[in-house]
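Undergrad: So that you have it, the file is structure_6.pdb, and it contains PDB, C-alpha atoms:
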MODEL        1
ATOM      1  CA  MET G  20      38.393 -54.841  61.068  1.00  0.00           C
ATOM      2  CA  ALA G  21      37.073 -51.778  59.190  1.00  0.00           C
ATOM      3  CA  GLN G  22      38.534 -50.993  55.826  1.00  0.00           C
ATOM      4  CA  LEU G  23      39.044 -47.501  54.452  1.00  0.00           C
ATOM      5  CA  LYS G  24      38.282 -46.853  50.823  1.00  0.00           C
ATOM      6  CA  PHE G  25      39.660 -43.869  48.965  1.00  0.00           C
ATOM      7  CA  THR G  26      38.318 -42.442  45.758  1.00  0.00           C
ATOM      8  CA  ARG G  27      40.932 -40.637  43.727  1.00  0.00           C
ATOM      9  CA  ARG G  28      39.751 -37.142  42.797  1.00  0.00           C
ATOM     10  CA  PRO G  29      41.375 -34.696  40.392  1.00  0.00           C
ATOM     11  CA  ILE G  30      43.353 -31.964  42.099  1.00  0.00           C
ATOM     12  CA  PRO G  31      42.095 -28.524  41.086  1.00  0.00           C
ATOM     13  CA  VAL G  32      44.588 -26.050  39.706  1.00  0.00           C
ATOM     14  CA  LEU G  33      44.398 -22.500  41.018  1.00  0.00           C
ATOM     15  CA  SER G  34      43.209 -20.102  38.335  1.00  0.00           C
ATOM     16  CA  GLU G  35      46.366 -18.046  38.922  1.00  0.00           C
ATOM     17  CA  LEU G  36      48.388 -20.996  37.603  1.00  0.00           C
ATOM     18  CA  ARG G  37      46.244 -21.930  34.616  1.00  0.00           C
ATOM     19  CA  PRO G  38      48.059 -21.232  31.348  1.00  0.00           C
ATOM     20  CA  VAL G  39      45.022 -19.895  29.470  1.00  0.00           C
ATOM     21  CA  TYR G  40      44.333 -17.402  32.269  1.00  0.00           C
ATOM     22  CA  LYS G  41      47.946 -16.204  32.345  1.00  0.00           C
ATOM     23  CA  ILE G  42      48.100 -15.962  28.543  1.00  0.00           C
ATOM     24  CA  ALA G  43      44.948 -13.817  28.587  1.00  0.00           C
ATOM     25  CA  GLN G  44      46.523 -11.596  31.257  1.00  0.00           C
ATOM     26  CA  ALA G  45      49.714 -11.235  29.208  1.00  0.00           C
ATOM     27  CA  LEU G  46      47.770 -10.238  26.104  1.00  0.00           C
ATOM     28  CA  LEU G  47      45.766  -7.687  28.091  1.00  0.00           C
ATOM     29  CA  ILE G  48      48.973  -6.271  29.579  1.00  0.00           C
ATOM     30  CA  LEU G  49      50.523  -5.883  26.132  1.00  0.00           C
ATOM     31  CA  HIS G  50      47.409  -4.312  24.635  1.00  0.00           C
ATOM     32  CA  ILE G  51      46.343  -1.998  27.469  1.00  0.00           C
ATOM     33  CA  THR G  52      49.651  -0.927  29.029  1.00  0.00           C
ATOM     34  CA  GLY G  53      52.119  -1.494  26.203  1.00  0.00           C
ATOM     35  CA  HIS G  54      52.916   1.129  23.597  1.00  0.00           C
ATOM     36  CA  GLY G  55      51.927  -0.203  20.186  1.00  0.00           C
ATOM     37  CA  GLY G  56      51.120  -3.573  21.752  1.00  0.00           C
ATOM     38  CA  LYS G  57      54.781  -3.964  22.797  1.00  0.00           C
ATOM     39  CA  SER G  58      56.374  -4.254  26.197  1.00  0.00           C
ATOM     40  CA  SER G  59      59.573  -5.367  27.871  1.00  0.00           C
ATOM     41  CA  LEU G  60      59.667  -8.599  29.813  1.00  0.00           C
ATOM     42  CA  VAL G  61      60.268  -6.668  33.038  1.00  0.00           C
ATOM     43  CA  LYS G  62      57.216  -4.460  32.482  1.00  0.00           C
ATOM     44  CA  ILE G  63      55.009  -7.473  31.747  1.00  0.00           C
ATOM     45  CA  HIS G  64      56.075  -9.060  35.023  1.00  0.00           C
ATOM     46  CA  LEU G  65      55.587  -5.775  36.893  1.00  0.00           C
ATOM     47  CA  MET G  66      52.029  -5.486  35.574  1.00  0.00           C
ATOM     48  CA  ASN G  67      51.409  -9.137  36.399  1.00  0.00           C
ATOM     49  CA  TRP G  68      52.647  -8.454  39.958  1.00  0.00           C
ATOM     50  CA  ALA G  69      50.222  -5.521  40.193  1.00  0.00           C
ATOM     51  CA  LEU G  70      47.268  -7.671  39.107  1.00  0.00           C
ATOM     52  CA  LYS G  71      47.702 -10.005  42.071  1.00  0.00           C
ATOM     53  CA  ARG G  72      46.318  -7.508  44.636  1.00  0.00           C
ATOM     54  CA  PRO G  73      44.230  -4.323  44.278  1.00  0.00           C
ATOM     55  CA  GLU G  74      46.619  -2.309  46.478  1.00  0.00           C
ATOM     56  CA  ARG G  75      49.477  -3.171  44.119  1.00  0.00           C
ATOM     57  CA  ALA G  76      47.548  -1.879  41.118  1.00  0.00           C
ATOM     58  CA  LEU G  77      46.766   1.259  43.124  1.00  0.00           C
ATOM     59  CA  ALA G  78      50.484   1.732  43.866  1.00  0.00           C
ATOM     60  CA  LEU G  79      51.280   1.463  40.152  1.00  0.00           C
ATOM     61  CA  ARG G  80      48.494   3.866  39.267  1.00  0.00           C
ATOM     62  CA  SER G  81      49.840   6.380  41.802  1.00  0.00           C
ATOM     63  CA  GLY G  82      53.329   5.946  40.381  1.00  0.00           C
ATOM     64  CA  ALA G  83      51.997   6.405  36.876  1.00  0.00           C
ATOM     65  CA  GLU G  84      50.317   9.663  37.864  1.00  0.00           C
ATOM     66  CA  SER G  85      53.382  11.012  39.689  1.00  0.00           C
ATOM     67  CA  GLY G  86      55.840   9.803  37.048  1.00  0.00           C
ATOM     68  CA  GLN G  87      57.922   7.834  39.566  1.00  0.00           C
ATOM     69  CA  LEU G  88      57.602   4.301  40.848  1.00  0.00           C
ATOM     70  CA  HIS G  89      58.295   3.634  44.517  1.00  0.00           C
ATOM     71  CA  LEU G  90      57.555  -0.020  45.034  1.00  0.00           C
ATOM     72  CA  PRO G  91      58.392  -2.650  47.594  1.00  0.00           C
ATOM     73  CA  ILE G  92      60.227  -5.717  46.424  1.00  0.00           C
ATOM     74  CA  TRP G  93      58.455  -7.395  43.524  1.00  0.00           C
ATOM     75  CA  GLY G  94      59.419 -10.303  41.374  1.00  0.00           C
ATOM     76  CA  PHE G  95      59.004 -12.423  38.309  1.00  0.00           C
ATOM     77  CA  ASP G  96      56.238 -15.013  38.212  1.00  0.00           C
ATOM     78  CA  PRO G  97      57.203 -18.421  36.786  1.00  0.00           C
ATOM     79  CA  ALA G  98      53.585 -18.970  35.678  1.00  0.00           C
ATOM     80  CA  MET G  99      53.764 -15.807  33.562  1.00  0.00           C
ATOM     81  CA  ALA G 100      57.073 -16.913  32.065  1.00  0.00           C
ATOM     82  CA  ILE G 101      55.470 -20.216  31.021  1.00  0.00           C
ATOM     83  CA  ALA G 102      52.416 -18.378  29.657  1.00  0.00           C
ATOM     84  CA  LEU G 103      54.612 -16.084  27.562  1.00  0.00           C
ATOM     85  CA  ASN G 104      56.451 -19.087  26.177  1.00  0.00           C
ATOM     86  CA  LEU G 105      53.153 -20.792  25.277  1.00  0.00           C
ATOM     87  CA  ALA G 106      51.752 -17.589  23.732  1.00  0.00           C
ATOM     88  CA  PHE G 107      54.921 -17.284  21.650  1.00  0.00           C
ATOM     89  CA  GLN G 108      54.628 -20.904  20.500  1.00  0.00           C
ATOM     90  CA  ASP G 109      50.975 -20.334  19.581  1.00  0.00           C
ATOM     91  CA  GLU G 110      52.026 -17.204  17.653  1.00  0.00           C
ATOM     92  CA  LEU G 111      49.885 -14.896  19.800  1.00  0.00           C
ATOM     93  CA  ILE G 112      52.960 -12.793  20.529  1.00  0.00           C
ATOM     94  CA  THR G 113      56.293 -12.179  18.849  1.00  0.00           C
ATOM     95  CA  GLN G 114      59.637 -11.334  20.354  1.00  0.00           C
ATOM     96  CA  THR G 115      60.983  -7.844  19.780  1.00  0.00           C
ATOM     97  CA  SER G 116      64.575  -7.017  18.921  1.00  0.00           C
ATOM     98  CA  THR G 117      65.051  -5.636  22.446  1.00  0.00           C
ATOM     99  CA  GLY G 118      63.998  -8.871  24.156  1.00  0.00           C
ATOM    100  CA  GLY G 119      60.448  -7.818  24.907  1.00  0.00           C
ATOM    101  CA  PHE G 120      57.219  -8.999  23.344  1.00  0.00           C
ATOM    102  CA  ALA G 121      54.632  -7.641  20.933  1.00  0.00           C
ATOM    103  CA  LEU G 122      51.106  -8.705  20.076  1.00  0.00           C
ATOM    104  CA  SER G 123      50.795 -10.556  16.802  1.00  0.00           C
ATOM    105  CA  THR G 124      47.748 -10.254  14.546  1.00  0.00           C
ATOM    106  CA  ALA G 125      46.317 -13.427  16.108  1.00  0.00           C
ATOM    107  CA  GLY G 126      47.073 -12.105  19.609  1.00  0.00           C
ATOM    108  CA  LEU G 127      45.353  -8.813  18.847  1.00  0.00           C
ATOM    109  CA  ALA G 128      42.261 -10.659  17.599  1.00  0.00           C
ATOM    110  CA  TYR G 129      42.258 -12.779  20.767  1.00  0.00           C
ATOM    111  CA  VAL G 130      42.618  -9.794  23.088  1.00  0.00           C
ATOM    112  CA  LYS G 131      39.780  -7.998  21.271  1.00  0.00           C
ATOM    113  CA  LEU G 132      37.536 -10.984  22.041  1.00  0.00           C
ATOM    114  CA  ILE G 133      38.539 -10.746  25.701  1.00  0.00           C
ATOM    115  CA  LEU G 134      37.834  -7.014  25.775  1.00  0.00           C
ATOM    116  CA  ALA G 135      34.446  -7.464  24.088  1.00  0.00           C
ATOM    117  CA  ASP G 136      33.162  -9.764  26.854  1.00  0.00           C
ATOM    118  CA  ASN G 137      32.581  -7.753  30.027  1.00  0.00           C
ATOM    119  CA  SER G 138      31.999 -10.896  32.086  1.00  0.00           C
ATOM    120  CA  ILE G 139      35.577 -12.171  31.865  1.00  0.00           C
ATOM    121  CA  LEU G 140      38.703 -10.748  33.502  1.00  0.00           C
ATOM    122  CA  SER G 141      36.775  -7.622  34.509  1.00  0.00           C
ATOM    123  CA  GLU G 142      38.976  -6.869  37.532  1.00  0.00           C
ATOM    124  CA  GLU G 143      42.149  -7.271  35.497  1.00  0.00           C
ATOM    125  CA  LYS G 144      40.815  -5.052  32.723  1.00  0.00           C
ATOM    126  CA  ALA G 145      39.778  -2.340  35.208  1.00  0.00           C
ATOM    127  CA  ALA G 146      43.161  -2.405  36.975  1.00  0.00           C
ATOM    128  CA  LEU G 147      45.122  -2.244  33.718  1.00  0.00           C
ATOM    129  CA  HIS G 148      42.924   0.543  32.311  1.00  0.00           C
ATOM    130  CA  SER G 149      43.449   2.544  35.522  1.00  0.00           C
ATOM    131  CA  ILE G 150      47.224   2.289  35.018  1.00  0.00           C
ATOM    132  CA  GLY G 151      47.040   2.739  31.257  1.00  0.00           C
ATOM    133  CA  LYS G 152      50.136   3.462  29.209  1.00  0.00           C
ATOM    134  CA  LYS G 153      51.583   5.878  31.777  1.00  0.00           C
ATOM    135  CA  ILE G 154      54.217   3.455  33.093  1.00  0.00           C
ATOM    136  CA  THR G 155      57.123   3.896  30.716  1.00  0.00           C
ATOM    137  CA  GLU G 156      59.950   1.471  30.058  1.00  0.00           C
ATOM    138  CA  LYS G 157      62.327   4.050  31.570  1.00  0.00           C
ATOM    139  CA  MET G 158      60.342   4.028  34.833  1.00  0.00           C
ATOM    140  CA  VAL G 159      60.390   0.224  34.900  1.00  0.00           C
ATOM    141  CA  THR G 160      64.123   0.161  34.221  1.00  0.00           C
ATOM    142  CA  SER G 161      64.805   2.583  37.073  1.00  0.00           C
ATOM    143  CA  VAL G 162      62.839   0.373  39.487  1.00  0.00           C
ATOM    144  CA  SER G 163      64.611  -2.786  38.363  1.00  0.00           C
ATOM    145  CA  LYS G 164      68.013  -1.069  38.773  1.00  0.00           C
ATOM    146  CA  GLU G 165      67.179  -0.431  42.436  1.00  0.00           C
ATOM    147  CA  TRP G 166      67.722  -4.174  42.953  1.00  0.00           C
ATOM    148  CA  ASP G 167      71.388  -3.934  42.019  1.00  0.00           C
TER     149      ASP G 167
ENDMDL
END
Show me, as structure tokens, the structure contained in the file I just sent.

TA:
Amino acid sequence: MAQLKFTRRPIPVLSELRPVYKIAQALLILHITGHGGKSSLVKIHLMNWALKRPERALALRSGAESGQLHLPIWGFDPAMAIALNLAFQDELITQTSTGGFALSTAGLAYVKLILADNSILSEEKAALHSIGKKITEKMVTSVSKEWD
């Protein structure tokens, strides 16, 4: 009788779920779209949601230009929550008094390295730069209140 042999192989992890990738995204979000390197948790997750598909980033850019966000249902990403926790533990970000996050000195140095290398996270950088700092915390709050 024939025998089957299996060779155990490592299971690849999607880049979207890799902590270093998500930490880099979070730092870019804080630096490029946050005011003074600060942002609320809701805004970080909104920007993360936008980075998942080009049409989402386009919708945010349109909302930023018009001053009003009209978005379909969007949500929080558990991978981003874990990345924020890890970035906080590594002292790349600090927590603000309002429950948001801010870049630390180490986080700013790290994000500057990311920005200096055009070969990494180029799509994310382009999407975030197109949105810029035009999405205010007030706009984000009004969108999140639509859930209630």

Undergrad: Show me, as JSON, the centre and edge lengths in Å to one decimal of the axis-aligned box that covers every listed atom of range 129-139 of chain G with 8 Å on each side.

TA:
{"center_x": 37.3, "center_y": -9.9, "center_z": 26.4, "size_x": 26.6, "size_y": 21.8, "size_z": 27.3}

Undergrad: Which residue is closest to His148 in chain G? Choose from G:Thr52, G:Gln44, G:Thr113, G:Thr160 and count only C-alpha atoms.

TA: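 Checking each candidate against His148 in chain G, we get G:Thr52 as the closest.
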
Undergrad: Could you jot down the CA of Phe107 in chain G to CA of Ala125 in chain G separation for me, Å, one decimal place?

TA: 10.9 Å

Undergrad: Can you work out which one of G:Ile154, G:Leu134, G:Ile92, G:Ala145 has the shortest atom-to-atom distance to Ala43 in chain G, counting only C-alpha atoms?

TA: G:Leu134

Undergrad: In Å, rounded to a single decimal, give me how far CA of Lys62 in chain G is from CA of Glu156 in chain G.

TA: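 Value for the CA of Glu156 in chain G-CA of Lys62 in chain G distance: 7.0 Å.
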
Undergrad: Can you tell me which residues surround range 20-35 of chain G at a distance of at most 9 Å, considering only C-alpha atoms, apart from same-chain residues fewer than 4 positions away, and format the answer as a PDB file with C-alpha atoms, keeping the file's coordinate frame?

TA:
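In the end it all went to around_39.pdb:
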ATOM      1  CA  TYR G  40      44.333 -17.402  32.269  1.00  0.00           C
ATOM      2  CA  LYS G  41      47.946 -16.204  32.345  1.00  0.00           C
ATOM      3  CA  LYS G  71      47.702 -10.005  42.071  1.00  0.00           C
ATOM      4  CA  ALA G  98      53.585 -18.970  35.678  1.00  0.00           C
TER       5      ALA G  98
END

Undergrad: Nearest to Gln114 in chain G among G:Leu147, G:Ser59, G:Lys131, G:Leu46, with distances taken over all atoms listed in the file: which residue is it?

TA: G:Ser59

Undergrad: So, with only C-alpha atoms as the atoms that count, which of G:Leu65, G:Ile101, G:Leu127, G:Ser149 lies closest to Val39 in chain G?

TA: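 Residue with the minimum atom-to-atom distance to Val39 in chain G: G:Ile101.
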
Undergrad: Hey, can you check how far CA of Ala78 in chain G sits from CA of Ile133 in chain G?

TA: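 So the two atoms, CA of Ala78 in chain G and CA of Ile133 in chain G, lie 25.1 Å apart.
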